[in-house]
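**Q** Could you have a look at this structure, given as structure tokens, before my questions?
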Amino acid sequence: MQDSSENSTDAGGNITPYDVVAGTHVGLVRDVNEDSYGYCVDDHHRNCFIAVADGIGGHDSGDIASKMCTRTLLIAWKKSLLWRGGTIEEMKNFLEIETANSNEAIYRLNKTFNVQHPMGTTLIAAIITPDSVVTAHAGDSRCYRLRNGILECLTEDHSFVAELIKRNIISREKSKNHPFAHIISKSIGTNLEFKSEVNVFDRKPSDRFLLCSDGVNVHLEDPQIEIIIHDASNPYEAVKNLIYASLRGGGEDNITAACVFA
């Protein structure tokens, strides 16, 4: 799902359709791709919106939940007119309100059909302006920034293992083999009470961004991701190589990556 025009670059720091590429792959093990992505960008507007969602594995209809989440957020974004401009506070409020609305819509659908295992989804969403990036996330989908050749994960996973790492109970090296590595502590659609984590980061010329489901970082270590994004000549090449490398790393999960080079 995407909305973009066919025009060329902008010299003022705005993101154009050529600066954003996203892709997804079902992987080598699963039969259904429960990941979804969406983005909205064109040459005539200042701000870009991107979302990547990963339906919760093992629950009913995770693919429906992730599609509902990205679709409702994109529709709300287009109605908001924030793509024309706005304050950072307005963008933070948009993400807080609309992720809560998406959560409620999925939660109500779960209640309507009284499913045994409620469907839900992780989310990483970002509004990228000429000088800032506003993110909202829930679960273990991530946003990375490559600046001056150095990769930094801007988001902190909402997961059982991430909490153990934070409390110095286990090391980051041992976390991937932990028996509860798949358990997330926050998701969209499974509980009525919900608030996404919203943060603001600065954006500088030549920064490169990656939004991804955990199908990327489960199969690739951060230094591998750093090399792939740094060496790519454009976002298409970065997305293609991230997906291929994740498949070579095992492809045990769905894989989704969205890259912004601007």
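In the structure tokens, chains take the letters A, B, ... in the order shown, each chain's residues start at 1, and ligands count up from 1 in the order shown.
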Tell me which protein, DNA and RNA residues are within 8 Å of A:Phe201, counting only C-alpha atoms, leaving out same-chain ones fewer than 6 positions away, and put them as a ChimeraX atom specification.

**A** /A:132-134

**Q** Create the file for the chosen residues now, containing N, CA and C atoms and written as a JSON list (two decimals), in the first residue's frame.

**A**
[["chain", "number", "residue", "atom", "x", "y", "z"],
["A", 132, "SER", "N", 13.15, 16.79, 11.23],
["A", 132, "SER", "CA", 12.83, 15.96, 12.38],
["A", 132, "SER", "C", 12.22, 14.63, 11.95],
["A", 133, "VAL", "N", 12.25, 13.67, 12.86],
["A", 133, "VAL", "CA", 11.56, 12.40, 12.68],
["A", 133, "VAL", "C", 10.76, 12.14, 13.95],
["A", 134, "VAL", "N", 9.45, 11.98, 13.79],
["A", 134, "VAL", "CA", 8.57, 11.69, 14.92],
["A", 134, "VAL", "C", 8.13, 10.24, 14.78]]

**Q** List every residue of stretch 49-235 of chain A that DSSP, applied to the backbone of this structure, assigns to strand (DSSP E), and report them as a ChimeraX atom specification.

**A** /A:49-55,121-128,132-138,142-147,150-153,197-202,208-212

**Q** Can you write out the residues you just picked, keeping C-alpha atoms, as a short mmCIF file (atom, residue, chain, number, x, y, z; two decimals), in the first residue's frame?

**A**
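After the write, again-v8.cif holds the following:
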data_model
loop_
_atom_site.label_atom_id
_atom_site.label_comp_id
_atom_site.auth_asym_id
_atom_site.auth_seq_id
_atom_site.Cartn_x
_atom_site.Cartn_y
_atom_site.Cartn_z
CA PHE A 49 4.45 9.19 6.62
CA ILE A 50 5.62 5.56 6.85
CA ALA A 51 4.29 2.60 8.84
CA VAL A 52 5.41 -1.02 9.21
CA ALA A 53 3.23 -3.47 11.15
CA ASP A 54 3.80 -7.11 12.07
CA GLY A 55 0.76 -9.22 12.95
CA THR A 121 0.02 -6.23 15.62
CA THR A 122 3.27 -4.50 16.39
CA LEU A 123 3.87 -1.09 14.81
CA ILE A 124 6.62 1.31 13.91
CA ALA A 125 5.35 4.52 12.32
CA ALA A 126 7.29 7.67 11.46
CA ILE A 127 6.53 11.16 10.25
CA ILE A 128 9.62 12.52 8.54
CA SER A 132 12.83 15.96 12.38
CA VAL A 133 11.56 12.40 12.68
CA VAL A 134 8.57 11.69 14.92
CA THR A 135 8.09 8.00 15.71
CA ALA A 136 5.38 5.92 17.36
CA HIS A 137 5.92 2.27 18.12
CA ALA A 138 4.51 -0.71 19.94
CA ARG A 142 12.09 -0.94 14.90
CA CYS A 143 13.36 2.34 13.47
CA TYR A 144 17.08 2.70 12.74
CA ARG A 145 19.06 5.79 11.71
CA LEU A 146 22.39 5.67 9.89
CA ARG A 147 24.36 8.88 10.42
CA ILE A 150 27.10 4.70 12.28
CA LEU A 151 23.83 2.82 12.81
CA GLU A 152 21.64 3.61 15.81
CA CYS A 153 18.38 1.95 16.80
CA GLU A 197 5.52 5.28 22.67
CA VAL A 198 6.07 8.53 20.78
CA ASN A 199 9.49 10.16 20.39
CA VAL A 200 11.10 12.95 18.38
CA PHE A 201 14.57 12.78 16.80
CA ASP A 202 16.52 15.27 14.72
CA ARG A 208 19.36 7.21 6.20
CA PHE A 209 16.43 5.54 7.96
CA LEU A 210 15.18 1.98 8.18
CA LEU A 211 11.78 0.91 9.52
CA CYS A 212 11.47 -2.85 9.82
#

**Q** Which neighbours of A:Gln224 fall inside 12 Å, counting only C-alpha atoms, when residues of the same chain fewer than 4 positions from it are skipped, and could you give them as a PyMOL selection string?

**A** chain A and resi 150-151+216-220+228-231+238+241-242+245-246+249

**Q** List the neighbours of A:Ile56 out to 10 Å using only C-alpha atoms; skip same-chain residues closer than 4 positions along the sequence, and give me the result as a PDB file with N, CA and C atoms, in the first residue's frame.

**A**
ATOM      1  N   GLU A  34       2.232 -11.961   7.591  1.00  0.00           N
ATOM      2  CA  GLU A  34       1.451 -11.155   8.526  1.00  0.00           C
ATOM      3  C   GLU A  34       1.999  -9.738   8.659  1.00  0.00           C
ATOM      4  N   ASP A  35       3.017  -9.393   7.878  1.00  0.00           N
ATOM      5  CA  ASP A  35       3.557  -8.032   7.862  1.00  0.00           C
ATOM      6  C   ASP A  35       2.780  -7.171   6.874  1.00  0.00           C
ATOM      7  N   ASP A  60      -4.939 -15.349  15.961  1.00  0.00           N
ATOM      8  CA  ASP A  60      -5.832 -15.422  14.814  1.00  0.00           C
ATOM      9  C   ASP A  60      -5.733 -14.149  13.983  1.00  0.00           C
ATOM     10  N   SER A  61      -5.567 -14.309  12.677  1.00  0.00           N
ATOM     11  CA  SER A  61      -5.687 -13.201  11.729  1.00  0.00           C
ATOM     12  C   SER A  61      -4.729 -12.049  11.995  1.00  0.00           C
ATOM     13  N   GLY A  62      -3.480 -12.364  12.296  1.00  0.00           N
ATOM     14  CA  GLY A  62      -2.491 -11.311  12.477  1.00  0.00           C
ATOM     15  C   GLY A  62      -2.294 -10.479  11.232  1.00  0.00           C
ATOM     16  N   ASP A  63      -2.470 -11.106  10.061  1.00  0.00           N
ATOM     17  CA  ASP A  63      -2.330 -10.356   8.813  1.00  0.00           C
ATOM     18  C   ASP A  63      -3.426  -9.315   8.671  1.00  0.00           C
ATOM     19  N   ALA A  65      -4.940  -7.790  11.210  1.00  0.00           N
ATOM     20  CA  ALA A  65      -4.639  -6.730  12.168  1.00  0.00           C
ATOM     21  C   ALA A  65      -3.587  -5.770  11.622  1.00  0.00           C
ATOM     22  N   SER A  66      -2.511  -6.304  11.023  1.00  0.00           N
ATOM     23  CA  SER A  66      -1.457  -5.422  10.513  1.00  0.00           C
ATOM     24  C   SER A  66      -1.954  -4.581   9.342  1.00  0.00           C
ATOM     25  N   PRO A 118      -7.004 -13.174  20.555  1.00  0.00           N
ATOM     26  CA  PRO A 118      -7.231 -11.891  19.882  1.00  0.00           C
ATOM     27  C   PRO A 118      -6.113 -11.543  18.900  1.00  0.00           C
ATOM     28  N   MET A 119      -6.517 -11.052  17.741  1.00  0.00           N
ATOM     29  CA  MET A 119      -5.506 -10.621  16.775  1.00  0.00           C
ATOM     30  C   MET A 119      -4.926  -9.283  17.219  1.00  0.00           C
ATOM     31  N   GLY A 120      -3.676  -9.085  16.858  1.00  0.00           N
ATOM     32  CA  GLY A 120      -3.009  -7.850  17.202  1.00  0.00           C
ATOM     33  C   GLY A 120      -1.824  -7.640  16.281  1.00  0.00           C
ATOM     34  N   THR A 121      -1.110  -6.550  16.502  1.00  0.00           N
ATOM     35  CA  THR A 121       0.019  -6.234  15.624  1.00  0.00           C
ATOM     36  C   THR A 121       1.008  -5.336  16.354  1.00  0.00           C
ATOM     37  N   THR A 122       2.271  -5.477  15.996  1.00  0.00           N
ATOM     38  CA  THR A 122       3.266  -4.495  16.391  1.00  0.00           C
ATOM     39  C   THR A 122       3.179  -3.330  15.405  1.00  0.00           C
ATOM     40  N   GLY A 139       5.654  -2.783  20.494  1.00  0.00           N
ATOM     41  CA  GLY A 139       6.197  -4.095  20.168  1.00  0.00           C
ATOM     42  C   GLY A 139       7.652  -4.030  19.759  1.00  0.00           C
ATOM     43  N   HIS A 182      10.161 -14.336  21.808  1.00  0.00           N
ATOM     44  CA  HIS A 182       9.051 -13.942  20.935  1.00  0.00           C
ATOM     45  C   HIS A 182       7.937 -13.190  21.664  1.00  0.00           C
ATOM     46  N   ILE A 183       8.022 -13.071  22.974  1.00  0.00           N
ATOM     47  CA  ILE A 183       6.936 -12.464  23.754  1.00  0.00           C
ATOM     48  C   ILE A 183       7.099 -10.945  23.783  1.00  0.00           C
ATOM     49  N   ILE A 184       6.085 -10.225  23.299  1.00  0.00           N
ATOM     50  CA  ILE A 184       6.116  -8.766  23.334  1.00  0.00           C
ATOM     51  C   ILE A 184       5.201  -8.263  24.446  1.00  0.00           C
ATOM     52  N   SER A 187       1.258  -4.236  22.270  1.00  0.00           N
ATOM     53  CA  SER A 187       0.827  -4.432  20.882  1.00  0.00           C
ATOM     54  C   SER A 187      -0.465  -3.670  20.645  1.00  0.00           C
ATOM     55  N   ILE A 188      -0.828  -3.551  19.382  1.00  0.00           N
ATOM     56  CA  ILE A 188      -2.046  -2.846  18.998  1.00  0.00           C
ATOM     57  C   ILE A 188      -3.167  -3.852  18.773  1.00  0.00           C
ATOM     58  N   GLY A 189      -4.292  -3.661  19.471  1.00  0.00           N
ATOM     59  CA  GLY A 189      -5.488  -4.452  19.217  1.00  0.00           C
ATOM     60  C   GLY A 189      -5.842  -5.483  20.258  1.00  0.00           C
ATOM     61  N   THR A 190      -4.932  -5.810  21.165  1.00  0.00           N
ATOM     62  CA  THR A 190      -5.199  -6.906  22.099  1.00  0.00           C
ATOM     63  C   THR A 190      -5.775  -6.424  23.426  1.00  0.00           C
TER      64      THR A 190
END

**Q** Calculated over only C-alpha atoms, which of the candidates A:Asn101, A:Thr155, A:Ser213, A:Thr16 has the smallest distance to A:Ala258?

**A**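 Of the candidates, the smallest distance to A:Ala258 is held by A:Ser213.
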
**Q** Can you tell me how far atom CA of A:Phe261 sits from atom CA of A:Ile97, in Å to one decimal?

**A**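 These atoms are spaced 27.9 Å apart.
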
**Q** Pick the closest to A:Ser185 from A:Tyr39, A:Tyr244, A:Trp77, A:Phe160: which is it, counting only C-alpha atoms?

**A** A:Phe160

**Q** What does the structure give for the distance between atom CA of A:Ile255 and atom CA of A:Asp31, in Å to one decimal?

**A**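 Going from atom CA of A:Ile255 over to atom CA of A:Asp31 covers 12.8 Å.
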